[in-house]
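Participant: So here's target32.tsv, just TSV, C-alpha atoms:
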```
chain	number	residue	atom	x	y	z
X	1	MET	CA	68.01	156.43	242.19
X	2	THR	CA	64.92	157.10	240.08
X	3	PHE	CA	61.54	155.87	241.30
X	4	ALA	CA	61.61	153.01	238.77
X	5	GLU	CA	65.04	151.95	240.05
X	6	GLN	CA	63.78	152.03	243.64
X	7	LEU	CA	60.83	149.87	242.63
X	8	ILE	CA	63.12	147.36	240.88
X	9	THR	CA	65.43	147.25	243.91
X	10	ILE	CA	62.50	146.46	246.22
X	11	LEU	CA	61.04	143.89	243.79
X	12	LEU	CA	64.41	142.13	243.50
X	13	CYS	CA	64.53	141.82	247.30
X	14	VAL	CA	60.98	140.43	247.32
X	15	ALA	CA	61.92	137.93	244.59
X	16	ALA	CA	65.09	136.77	246.36
X	17	THR	CA	63.19	136.38	249.64
X	18	MET	CA	60.36	134.38	248.06
X	19	LEU	CA	62.88	132.19	246.25
X	20	THR	CA	64.49	131.20	249.58
X	21	ARG	CA	61.09	130.59	251.22
X	22	PHE	CA	59.47	128.54	248.44
X	23	LEU	CA	62.45	126.58	247.07
X	24	PRO	CA	62.60	123.79	249.70
X	25	PHE	CA	58.86	123.22	249.40
X	26	ALA	CA	59.01	123.26	245.60
X	27	LEU	CA	61.89	120.76	245.58
X	28	PHE	CA	60.89	118.26	248.28
X	29	SER	CA	57.23	118.68	248.95
X	30	ARG	CA	55.57	115.90	247.00
X	31	ARG	CA	54.18	113.40	249.51
X	32	GLY	CA	56.31	110.30	249.87
X	33	ASN	CA	58.89	111.77	247.59
X	34	THR	CA	61.11	113.45	250.20
X	35	PRO	CA	64.64	111.98	250.11
X	36	ALA	CA	65.64	110.16	253.31
X	37	PHE	CA	68.53	112.57	253.84
X	38	ILE	CA	66.19	115.59	253.76
X	39	ARG	CA	63.87	113.88	256.26
X	40	TYR	CA	66.88	113.30	258.53
X	41	LEU	CA	67.82	116.99	258.23
X	42	GLY	CA	64.23	117.93	259.03
X	43	ASN	CA	64.59	116.15	262.37
X	44	ALA	CA	68.17	117.19	263.09
X	45	LEU	CA	68.00	120.89	262.15
X	46	PRO	CA	65.42	122.37	264.58
X	47	ALA	CA	67.53	122.04	267.76
X	48	ALA	CA	70.61	123.34	265.94
X	49	ILE	CA	68.70	126.30	264.45
X	50	PHE	CA	67.06	127.18	267.79
X	51	ALA	CA	70.58	127.33	269.30
X	52	MET	CA	71.68	129.55	266.40
X	53	LEU	CA	68.75	131.92	266.93
X	54	VAL	CA	69.65	132.33	270.62
X	55	VAL	CA	73.25	133.11	269.68
X	56	TYR	CA	72.01	135.48	266.96
X	57	CYS	CA	69.99	137.45	269.53
X	58	LEU	CA	73.10	137.78	271.69
X	59	LYS	CA	75.49	138.69	268.87
X	60	ASP	CA	75.76	142.35	269.90
X	61	VAL	CA	76.66	141.60	273.53
X	62	ASP	CA	80.18	142.87	274.24
X	63	LEU	CA	82.03	140.55	276.63
X	64	THR	CA	85.05	142.85	276.81
X	65	ALA	CA	83.42	146.14	277.82
X	66	GLY	CA	80.56	147.62	279.80
X	67	TRP	CA	78.71	145.08	281.94
X	68	ARG	CA	80.25	142.21	279.90
X	69	GLY	CA	76.97	140.46	279.22
X	70	LEU	CA	75.86	140.39	282.87
X	71	PRO	CA	72.34	141.80	282.20
X	72	GLU	CA	71.81	139.25	279.42
X	73	ALA	CA	73.07	136.40	281.63
X	74	ILE	CA	70.70	137.45	284.45
X	75	GLY	CA	67.82	137.89	282.01
X	76	ILE	CA	68.33	134.41	280.55
X	77	ALA	CA	68.73	132.84	284.01
X	78	ALA	CA	65.47	134.54	285.12
X	79	THR	CA	63.69	133.33	281.98
X	80	VAL	CA	64.84	129.72	282.47
X	81	ALA	CA	64.08	129.74	286.22
X	82	LEU	CA	60.59	131.20	285.67
X	83	HIS	CA	59.91	128.68	282.93
X	84	ILE	CA	60.69	125.76	285.26
X	85	LEU	CA	58.92	127.34	288.28
X	86	SER	CA	55.78	128.20	286.31
X	87	ARG	CA	55.65	124.64	284.96
X	88	ARG	CA	56.47	125.75	281.45
X	89	ASN	CA	54.13	128.72	281.13
X	90	MET	CA	55.90	130.59	278.35
X	91	LEU	CA	54.08	133.88	278.87
X	92	VAL	CA	55.26	133.96	282.51
X	93	SER	CA	58.84	133.07	281.61
X	94	ILE	CA	59.20	135.29	278.54
X	95	GLY	CA	57.30	138.20	280.12
X	96	GLY	CA	59.08	137.90	283.47
X	97	GLY	CA	62.53	137.48	281.93
X	98	THR	CA	62.03	140.50	279.67
X	99	LEU	CA	60.72	142.61	282.56
X	100	ALA	CA	63.71	141.60	284.72
X	101	TYR	CA	66.08	142.58	281.89
X	102	MET	CA	64.34	145.93	281.30
X	103	VAL	CA	64.41	146.85	285.01
X	104	LEU	CA	68.12	145.94	285.12
X	105	VAL	CA	69.26	147.93	282.07
X	106	GLN	CA	67.04	150.93	282.86
X	107	ASN	CA	67.91	151.27	286.55
X	108	PHE	CA	70.86	149.23	287.79
X	109	LEU	CA	73.16	147.97	285.04
X	110	VAL	CA	72.76	151.04	282.86
Y	1	MET	CA	30.44	123.40	256.03
Y	2	THR	CA	31.15	127.09	256.52
Y	3	GLU	CA	29.95	126.88	260.13
Y	4	VAL	CA	32.35	124.03	260.83
Y	5	ALA	CA	35.16	125.98	259.17
Y	6	ALA	CA	34.36	129.11	261.22
Y	7	GLY	CA	34.38	127.05	264.43
Y	8	ASP	CA	37.73	125.49	263.48
Y	9	SER	CA	39.16	128.87	262.71
Y	10	ILE	CA	38.05	130.51	265.99
Y	11	ARG	CA	39.19	127.59	268.14
Y	12	ALA	CA	42.57	127.74	266.42
Y	13	LEU	CA	42.79	131.52	266.94
Y	14	LYS	CA	42.18	131.10	270.68
Y	15	ALA	CA	44.90	128.43	270.86
Y	16	ALA	CA	47.37	130.32	268.67
Y	17	PHE	CA	47.04	133.86	270.04
Y	18	PRO	CA	48.97	133.36	273.34
Y	19	TYR	CA	51.91	131.92	271.38
Y	20	THR	CA	52.11	135.13	269.33
Y	21	LEU	CA	52.19	137.59	272.26
Y	22	PRO	CA	56.00	137.56	272.69
Y	23	VAL	CA	56.31	138.03	268.93
Y	24	PHE	CA	53.89	140.96	269.15
Y	25	ALA	CA	56.11	142.69	271.73
Y	26	GLY	CA	59.27	141.97	269.77
Y	27	TYR	CA	57.91	142.85	266.34
Y	28	TRP	CA	56.29	146.07	267.51
Y	29	PHE	CA	59.56	147.11	269.13
Y	30	LEU	CA	61.70	146.24	266.09
Y	31	GLY	CA	59.06	147.26	263.56
Y	32	MET	CA	58.68	150.68	265.12
Y	33	ALA	CA	62.46	151.09	265.18
Y	34	TYR	CA	62.45	150.20	261.47
Y	35	GLY	CA	59.66	152.66	260.67
Y	36	VAL	CA	61.41	155.45	262.54
Y	37	PHE	CA	64.72	154.61	260.84
Y	38	ALA	CA	63.14	154.64	257.36
Y	39	ASN	CA	61.44	157.92	258.14
Y	40	ALA	CA	64.62	159.50	259.50
Y	41	SER	CA	66.42	158.33	256.32
Y	42	GLY	CA	64.00	160.46	254.32
Y	43	PHE	CA	61.50	157.90	253.04
Y	44	ALA	CA	57.72	158.37	253.07
Y	45	ALA	CA	55.78	156.07	255.38
Y	46	TRP	CA	54.52	153.85	252.56
Y	47	TYR	CA	58.08	152.62	251.82
Y	48	PRO	CA	58.57	150.77	255.12
Y	49	ILE	CA	54.91	149.67	255.11
Y	50	VAL	CA	55.05	148.18	251.60
Y	51	MET	CA	58.39	146.54	252.34
Y	52	ALA	CA	57.11	145.13	255.62
Y	53	MET	CA	54.14	143.63	253.73
Y	54	CYS	CA	56.03	142.27	250.72
Y	55	ILE	CA	59.55	141.43	251.93
Y	56	TYR	CA	58.64	140.73	255.57
Y	57	GLY	CA	62.21	140.24	256.77
Y	58	GLY	CA	63.66	142.72	259.24
Y	59	SER	CA	67.38	142.53	258.52
Y	60	LEU	CA	66.91	142.79	254.76
Y	61	GLU	CA	64.42	145.65	255.10
Y	62	PHE	CA	66.92	147.71	257.11
Y	63	LEU	CA	69.50	147.00	254.36
Y	64	VAL	CA	67.12	148.03	251.58
Y	65	ILE	CA	66.82	151.49	253.12
Y	66	SER	CA	70.56	151.99	252.68
Y	67	MET	CA	70.44	150.35	249.21
Y	68	LEU	CA	67.80	152.85	248.11
Y	69	ALA	CA	70.10	155.68	249.15
Y	70	ALA	CA	73.02	154.20	247.13
Y	71	PRO	CA	73.53	153.97	243.34
Y	72	PHE	CA	71.35	151.43	241.49
Y	73	ALA	CA	73.03	147.98	241.55
Y	74	PRO	CA	70.44	145.30	240.68
Y	75	LEU	CA	72.71	142.25	240.60
Y	76	GLN	CA	74.36	143.14	243.90
Y	77	THR	CA	70.95	143.85	245.43
Y	78	PHE	CA	69.65	140.44	244.41
Y	79	LEU	CA	72.75	138.60	245.67
Y	80	VAL	CA	72.81	140.43	249.01
Y	81	ALA	CA	69.10	139.69	249.48
Y	82	LEU	CA	69.73	136.00	248.72
Y	83	MET	CA	72.56	135.85	251.28
Y	84	VAL	CA	70.57	137.60	254.01
Y	85	GLN	CA	67.52	135.39	253.45
Y	86	ALA	CA	69.37	132.10	252.78
Y	87	ARG	CA	68.41	130.79	256.21
Y	88	HIS	CA	64.83	130.33	254.97
Y	89	LEU	CA	66.14	127.50	252.76
Y	90	PHE	CA	66.92	125.65	255.98
Y	91	TYR	CA	63.69	126.63	257.76
Y	92	GLY	CA	61.60	124.99	255.05
Y	93	ILE	CA	63.11	121.54	255.57
Y	94	PRO	CA	61.79	120.77	259.11
Y	95	LEU	CA	58.46	122.35	258.12
Y	96	LEU	CA	57.97	120.17	255.01
Y	97	SER	CA	55.93	117.55	256.87
Y	98	ARG	CA	54.13	120.11	259.09
Y	99	TYR	CA	52.82	122.10	256.15
Y	100	GLU	CA	52.02	119.07	253.99
Y	101	GLY	CA	48.43	118.68	252.81
Y	102	LEU	CA	47.20	122.07	254.03
Y	103	GLY	CA	45.79	123.12	250.66
Y	104	TRP	CA	45.28	126.85	250.08
Y	105	LYS	CA	46.87	127.69	253.43
Y	106	LYS	CA	50.24	126.28	252.40
Y	107	PRO	CA	51.43	129.05	250.02
Y	108	LEU	CA	50.40	131.66	252.61
Y	109	LEU	CA	52.28	129.80	255.36
Y	110	ILE	CA	55.39	129.73	253.17
Y	111	PHE	CA	55.02	133.42	252.25
Y	112	TRP	CA	54.70	134.31	255.96
Y	113	LEU	CA	57.81	132.39	257.07
Y	114	SER	CA	60.07	134.25	259.51
Y	115	ASP	CA	62.58	133.29	262.21
Y	116	GLU	CA	59.96	133.69	264.92
Y	117	THR	CA	57.09	132.03	263.04
Y	118	PHE	CA	59.38	129.12	262.14
Y	119	ALA	CA	60.35	128.62	265.78
Y	120	VAL	CA	56.80	128.95	267.15
Y	121	ASN	CA	55.10	126.73	264.57
Y	122	LEU	CA	57.77	124.08	264.88
Y	123	SER	CA	57.84	123.99	268.69
Y	124	ALA	CA	54.21	124.74	269.65
Y	125	LYS	CA	52.11	121.80	270.78
Y	126	VAL	CA	48.86	122.20	268.87
Y	127	PRO	CA	46.14	121.18	271.38
Y	128	GLN	CA	43.85	118.21	270.73
Y	129	GLY	CA	40.78	119.16	268.72
Y	130	VAL	CA	42.40	122.24	267.22
Y	131	ASP	CA	42.91	122.31	263.46
Y	132	ARG	CA	46.66	122.35	262.75
Y	133	GLY	CA	46.35	124.23	259.47
Y	134	TRP	CA	44.36	127.05	261.04
Y	135	PHE	CA	46.68	127.16	264.07
Y	136	TYR	CA	49.77	127.60	261.86
Y	137	LEU	CA	47.93	130.11	259.69
Y	138	TRP	CA	46.90	132.28	262.66
Y	139	VAL	CA	50.42	132.25	264.13
Y	140	SER	CA	51.90	133.16	260.73
Y	141	GLY	CA	49.30	135.78	259.82
Y	142	LEU	CA	49.26	137.45	263.23
Y	143	ASP	CA	53.07	137.63	263.30
Y	144	TRP	CA	53.02	139.24	259.84
Y	145	PHE	CA	50.32	141.69	260.92
Y	146	TYR	CA	52.34	142.67	264.02
Y	147	TRP	CA	55.39	143.40	261.88
Y	148	VAL	CA	53.44	145.44	259.30
Y	149	SER	CA	51.45	147.40	261.90
Y	150	GLY	CA	54.56	148.01	264.04
Y	151	SER	CA	56.53	149.30	261.04
Y	152	GLY	CA	53.62	151.49	259.98
Y	153	THR	CA	53.12	152.89	263.47
Y	154	GLY	CA	56.84	153.66	263.72
Y	155	ALA	CA	56.88	155.35	260.32
Y	156	LEU	CA	53.77	157.44	261.02
Y	157	PHE	CA	53.93	158.19	264.74
Y	158	GLY	CA	57.40	157.02	265.84
Y	159	THR	CA	58.47	160.40	267.12
Y	160	LEU	CA	55.51	160.59	269.53
Y	161	ILE	CA	56.54	157.55	271.62
Y	162	GLU	CA	57.54	158.66	275.10
Y	163	PHE	CA	57.68	155.66	277.44
Y	164	ASN	CA	61.01	154.03	278.06
Y	165	THR	CA	61.37	150.91	275.90
Y	166	THR	CA	65.07	150.31	276.64
Y	167	GLY	CA	65.63	146.58	276.89
Y	168	LEU	CA	62.31	145.54	275.37
Y	169	GLU	CA	64.21	143.91	272.50
Y	170	PHE	CA	65.18	141.19	275.00
Y	171	VAL	CA	61.70	139.68	274.52
Y	172	MET	CA	62.95	138.03	271.33
Y	173	THR	CA	65.97	136.56	273.14
Y	174	ALA	CA	63.74	135.29	275.95
Y	175	MET	CA	61.37	133.68	273.44
Y	176	PHE	CA	64.13	131.84	271.61
Y	177	VAL	CA	65.66	130.78	274.95
Y	178	VAL	CA	62.31	129.27	276.00
Y	179	ILE	CA	61.84	127.52	272.64
Y	180	PHE	CA	65.40	126.18	272.87
Y	181	LEU	CA	64.78	125.05	276.47
Y	182	GLU	CA	61.55	123.24	275.51
Y	183	GLN	CA	63.42	121.49	272.71
Y	184	TRP	CA	66.26	120.57	275.10
Y	185	LEU	CA	63.86	119.11	277.68
Y	186	SER	CA	62.01	117.02	275.10
Y	187	GLU	CA	64.83	115.61	272.96
Y	188	ARG	CA	66.52	112.26	273.42
Y	189	THR	CA	69.94	113.46	272.32
Y	190	HIS	CA	71.46	116.90	272.74
Y	191	TRP	CA	74.08	116.50	270.02
Y	192	THR	CA	72.26	118.50	267.35
Y	193	ALA	CA	71.64	121.38	269.79
Y	194	LEU	CA	75.34	121.32	270.71
Y	195	VAL	CA	76.35	121.26	267.03
Y	196	GLY	CA	74.18	124.35	266.49
Y	197	PHE	CA	75.60	126.15	269.49
Y	198	VAL	CA	79.26	125.43	268.73
Y	199	ALA	CA	78.82	126.25	265.02
Y	200	SER	CA	77.10	129.57	265.82
Y	201	VAL	CA	79.61	130.73	268.42
Y	202	GLY	CA	82.55	129.57	266.29
Y	203	CYS	CA	81.30	131.34	263.17
Y	204	LEU	CA	80.36	134.45	265.15
Y	205	MET	CA	83.98	134.69	266.33
Y	206	ALA	CA	85.42	133.80	262.90
Y	207	PHE	CA	83.18	135.86	260.60
Y	208	GLY	CA	81.87	138.63	262.85
Y	209	ARG	CA	78.33	139.54	263.80
Y	210	GLU	CA	77.25	140.81	260.37
Y	211	TYR	CA	77.94	137.74	258.28
Y	212	PHE	CA	77.94	134.66	260.49
Y	213	LEU	CA	74.52	133.11	259.78
Y	214	VAL	CA	75.23	131.64	256.34
Y	215	PRO	CA	78.60	130.13	257.39
Y	216	THR	CA	76.92	128.78	260.55
Y	217	LEU	CA	74.22	127.04	258.52
Y	218	CYS	CA	76.86	125.57	256.18
Y	219	VAL	CA	78.95	124.27	259.09
Y	220	MET	CA	75.79	122.79	260.65
Y	221	LEU	CA	74.92	121.09	257.38
Y	222	VAL	CA	78.39	119.54	257.08
Y	223	ALA	CA	78.53	118.48	260.75
Y	224	LEU	CA	75.01	116.98	260.76
Y	225	THR	CA	75.79	115.14	257.52
Y	226	ALA	CA	78.95	113.69	259.04
Y	227	LEU	CA	77.06	112.66	262.20
Y	228	LYS	CA	74.06	111.15	260.38
Y	229	LYS	CA	74.90	107.52	261.21
Y	230	PRO	CA	75.15	107.85	265.00
Y	231	LEU	CA	72.47	110.55	265.31
Y	232	GLU	CA	69.65	109.32	263.10
Y	233	PRO	CA	68.45	106.40	265.28
Y	234	ARG	CA	68.30	108.70	268.33
Y	235	LEU	CA	66.35	111.54	266.74
Y	236	GLY	CA	63.02	109.89	265.92
Y	237	GLY	CA	60.24	111.80	264.21
Y	238	GLY	CA	59.49	114.04	267.18
Y	239	LYS	CA	55.94	114.93	268.26
Y	240	GLY	CA	54.25	112.14	266.34
Y	241	GLU	CA	55.52	113.17	262.94
Y	242	ALA	CA	56.18	110.42	260.42
```
Could I get this file's structure written as structure tokens?
Facilitator:
Amino acid sequence: MTFAEQLITILLCVAATMLTRFLPFALFSRRGNTPAFIRYLGNALPAAIFAMLVVYCLKDVDLTAGWRGLPEAIGIAATVALHILSRRNMLVSIGGGTLAYMVLVQNFLV
Amino acid sequence: MTEVAAGDSIRALKAAFPYTLPVFAGYWFLGMAYGVFANASGFAAWYPIVMAMCIYGGSLEFLVISMLAAPFAPLQTFLVALMVQARHLFYGIPLLSRYEGLGWKKPLLIFWLSDETFAVNLSAKVPQGVDRGWFYLWVSGLDWFYWVSGSGTGALFGTLIEFNTTGLEFVMTAMFVVIFLEQWLSERTHWTALVGFVASVGCLMAFGREYFLVPTLCVMLVALTALKKPLEPRLGGGKGEA
């Protein structure tokens, strides 16, 4: 690839990305003009997308080999337990859960 | 006027900063990996830095490195980029009302949209007396800065890192688990969460780990459309939104 072709490739990726980010706002953003169905989706999507993002983070876990997802299961259990115990302090739960996972995969469930 | 604005901005920074710490850890880890990867693939440091600033989307940026090493294919490049980033189309919809009426901050907020920023800005409870616009802007801008600085550090100094970071990537999983948990504890019906979970796992098994996000979002769209009648009365606006 020449330098100009590299530049075009990168610019096309920027353009495609910006298109996906700005399109919903461009289409539905005028106040009071959002279709009822889109407002429903706005309320229904977050929980579904949060679930998807958790699954996405775990997509590379192999349940058929190695530790079969045990470190991830323990890490998630620690995160949830710490979140409840710390009365929803997300720095305690995220920090503690990550630390637990790192100690596990570096020392015990290598 | 400017004094009031400065006060608003600093109060919002103090409120927003703790929310961005997990993203800092995750983005520095992934960003550095990206910088090192770009460097090892033979690209000067400014490539990953410029891409981190302008594209600001990890999975696509990794792909671009391999695209740049392949023959020039503009149409394919554009279509692949659209597919990889299509999830942003869905992220905008719940954020429509959040980002409404924020003036000059709005285009920046949209430009700085990412998986993590979407999840934090949508789930964070902006404290009383803190300006929402500034809060969202700090979360978005800090997250972007973490990604750019992490990528740059990886590209420039990646080979010098010596401490053991194995497993640090779990910080992103833990953050999404906590955001999901908060959502679960606050919602009146769990059906949409279950739809998301079943659709994701199903599509992951059907389409494989590389290509399951777009099918998942399509399945979610169809399922939520079909369930609109029973679900809508139980969803409410959530967190005082109209």
Participant: Pick from Y:Met205, Y:Val177, Y:Val171, Y:Ala193: nearest to X:Leu99, with all atoms listed in the file counted?
Facilitator: Y:Val171
Participant: What does the distance between atom CA of X:Leu104 and atom CA of Y:Ala155 come to in Å, to one decimal place?
Facilitator: 28.8 Å
Participant: Compute the chain Y side of the contact with chain X at 6 Å, counting all atoms listed in the file, and hand it back as a count of residues only.
Facilitator: 25
Participant: Please report the interatomic distance between atom CA of Y:Arg11 and atom CA of Y:Phe135 in Å with one decimal.
Facilitator: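 Separation between atom CA of Y:Arg11 and atom CA of Y:Phe135: 8.5 Å.
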Participant: Give me the residues within 9 Å of Y:Ala25 as a list of chain:residue names, counting only C-alpha atoms and dropping any in the same chain fewer than 5 places off.
Facilitator: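 Listed by chain and then number, they are Y:Thr20, Y:Leu30, Y:Tyr146, Y:Leu168, Y:Glu169, Y:Val171, Y:Met172.
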Participant: Just to confirm, what's the straight-line distance from atom CA of Y:Leu63 to atom CA of Y:Asp115 in Å (one decimal)?
Facilitator: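 Result for atom CA of Y:Leu63 versus atom CA of Y:Asp115: 17.2 Å, one decimal.
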Participant: Could you pull the residues within 10 Å of Y:Ser9, counting all atoms listed in the file, minus those fewer than 6 positions along the same chain, as a ChimeraX atom specification?
Facilitator: /Y:3,15,130-135,137-138
Participant: So, with only C-alpha atoms as the atoms that count, which of Y:Trp28, Y:Thr216, Y:Lys105, Y:Glu116 lies closest to Y:Ser149?
Facilitator: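 That would be Y:Trp28, the residue with the smallest distance to Y:Ser149.
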Participant: Kindly write stretch 23-77 of chain X with C-alpha atoms to a file, as a PDB file, in the first residue's frame.
Facilitator:
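For reference, result.pdb as written:
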```pdb
ATOM      1  CA  LEU X  23     -26.658   8.430  12.803  1.00  0.00           C
ATOM      2  CA  PRO X  24     -29.086   7.683  15.681  1.00  0.00           C
ATOM      3  CA  PHE X  25     -28.701  11.219  17.016  1.00  0.00           C
ATOM      4  CA  ALA X  26     -29.116  12.728  13.549  1.00  0.00           C
ATOM      5  CA  LEU X  27     -32.266  10.676  12.910  1.00  0.00           C
ATOM      6  CA  PHE X  28     -34.104  10.857  16.240  1.00  0.00           C
ATOM      7  CA  SER X  29     -32.674  13.713  18.202  1.00  0.00           C
ATOM      8  CA  ARG X  30     -35.128  16.550  17.705  1.00  0.00           C
ATOM      9  CA  ARG X  31     -36.891  17.154  21.014  1.00  0.00           C
ATOM     10  CA  GLY X  32     -40.377  15.710  21.147  1.00  0.00           C
ATOM     11  CA  ASN X  33     -39.888  14.147  17.772  1.00  0.00           C
ATOM     12  CA  THR X  34     -38.563  10.746  18.878  1.00  0.00           C
ATOM     13  CA  PRO X  35     -40.906   7.954  17.708  1.00  0.00           C
ATOM     14  CA  ALA X  36     -42.562   6.024  20.557  1.00  0.00           C
ATOM     15  CA  PHE X  37     -40.943   2.797  19.379  1.00  0.00           C
ATOM     16  CA  ILE X  38     -37.455   4.317  19.601  1.00  0.00           C
ATOM     17  CA  ARG X  39     -38.213   5.600  23.115  1.00  0.00           C
ATOM     18  CA  TYR X  40     -39.303   2.068  24.076  1.00  0.00           C
ATOM     19  CA  LEU X  41     -36.037   0.674  22.667  1.00  0.00           C
ATOM     20  CA  GLY X  42     -34.114   3.312  24.609  1.00  0.00           C
ATOM     21  CA  ASN X  43     -35.556   1.889  27.820  1.00  0.00           C
ATOM     22  CA  ALA X  44     -35.408  -1.778  26.833  1.00  0.00           C
ATOM     23  CA  LEU X  45     -31.924  -1.926  25.282  1.00  0.00           C
ATOM     24  CA  PRO X  46     -29.567  -0.992  28.172  1.00  0.00           C
ATOM     25  CA  ALA X  47     -30.082  -4.159  30.250  1.00  0.00           C
ATOM     26  CA  ALA X  48     -29.832  -6.330  27.125  1.00  0.00           C
ATOM     27  CA  ILE X  49     -26.656  -4.559  25.933  1.00  0.00           C
ATOM     28  CA  PHE X  50     -25.025  -4.740  29.385  1.00  0.00           C
ATOM     29  CA  ALA X  51     -25.627  -8.516  29.311  1.00  0.00           C
ATOM     30  CA  MET X  52     -24.104  -8.649  25.817  1.00  0.00           C
ATOM     31  CA  LEU X  53     -21.007  -6.747  26.959  1.00  0.00           C
ATOM     32  CA  VAL X  54     -20.446  -9.218  29.813  1.00  0.00           C
ATOM     33  CA  VAL X  55     -20.744 -12.133  27.389  1.00  0.00           C
ATOM     34  CA  TYR X  56     -18.436 -10.305  24.950  1.00  0.00           C
ATOM     35  CA  CYS X  57     -15.746 -10.013  27.634  1.00  0.00           C
ATOM     36  CA  LEU X  58     -16.002 -13.754  28.267  1.00  0.00           C
ATOM     37  CA  LYS X  59     -16.058 -14.805  24.605  1.00  0.00           C
ATOM     38  CA  ASP X  60     -12.502 -16.191  24.657  1.00  0.00           C
ATOM     39  CA  VAL X  61     -13.063 -18.417  27.707  1.00  0.00           C
ATOM     40  CA  ASP X  62     -12.680 -22.067  26.680  1.00  0.00           C
ATOM     41  CA  LEU X  63     -15.125 -24.289  28.567  1.00  0.00           C
ATOM     42  CA  THR X  64     -13.694 -27.469  27.056  1.00  0.00           C
ATOM     43  CA  ALA X  65     -10.000 -27.094  27.917  1.00  0.00           C
ATOM     44  CA  GLY X  66      -7.621 -25.710  30.513  1.00  0.00           C
ATOM     45  CA  TRP X  67      -9.343 -24.527  33.687  1.00  0.00           C
ATOM     46  CA  ARG X  68     -12.711 -24.457  31.856  1.00  0.00           C
ATOM     47  CA  GLY X  69     -13.617 -20.940  32.912  1.00  0.00           C
ATOM     48  CA  LEU X  70     -12.997 -21.531  36.628  1.00  0.00           C
ATOM     49  CA  PRO X  71     -10.804 -18.408  37.129  1.00  0.00           C
ATOM     50  CA  GLU X  72     -13.415 -16.253  35.387  1.00  0.00           C
ATOM     51  CA  ALA X  73     -16.230 -17.781  37.456  1.00  0.00           C
ATOM     52  CA  ILE X  74     -14.306 -17.121  40.690  1.00  0.00           C
ATOM     53  CA  GLY X  75     -13.395 -13.605  39.564  1.00  0.00           C
ATOM     54  CA  ILE X  76     -17.027 -12.764  38.780  1.00  0.00           C
ATOM     55  CA  ALA X  77     -18.255 -14.321  42.046  1.00  0.00           C
TER      56      ALA X  77
END
```
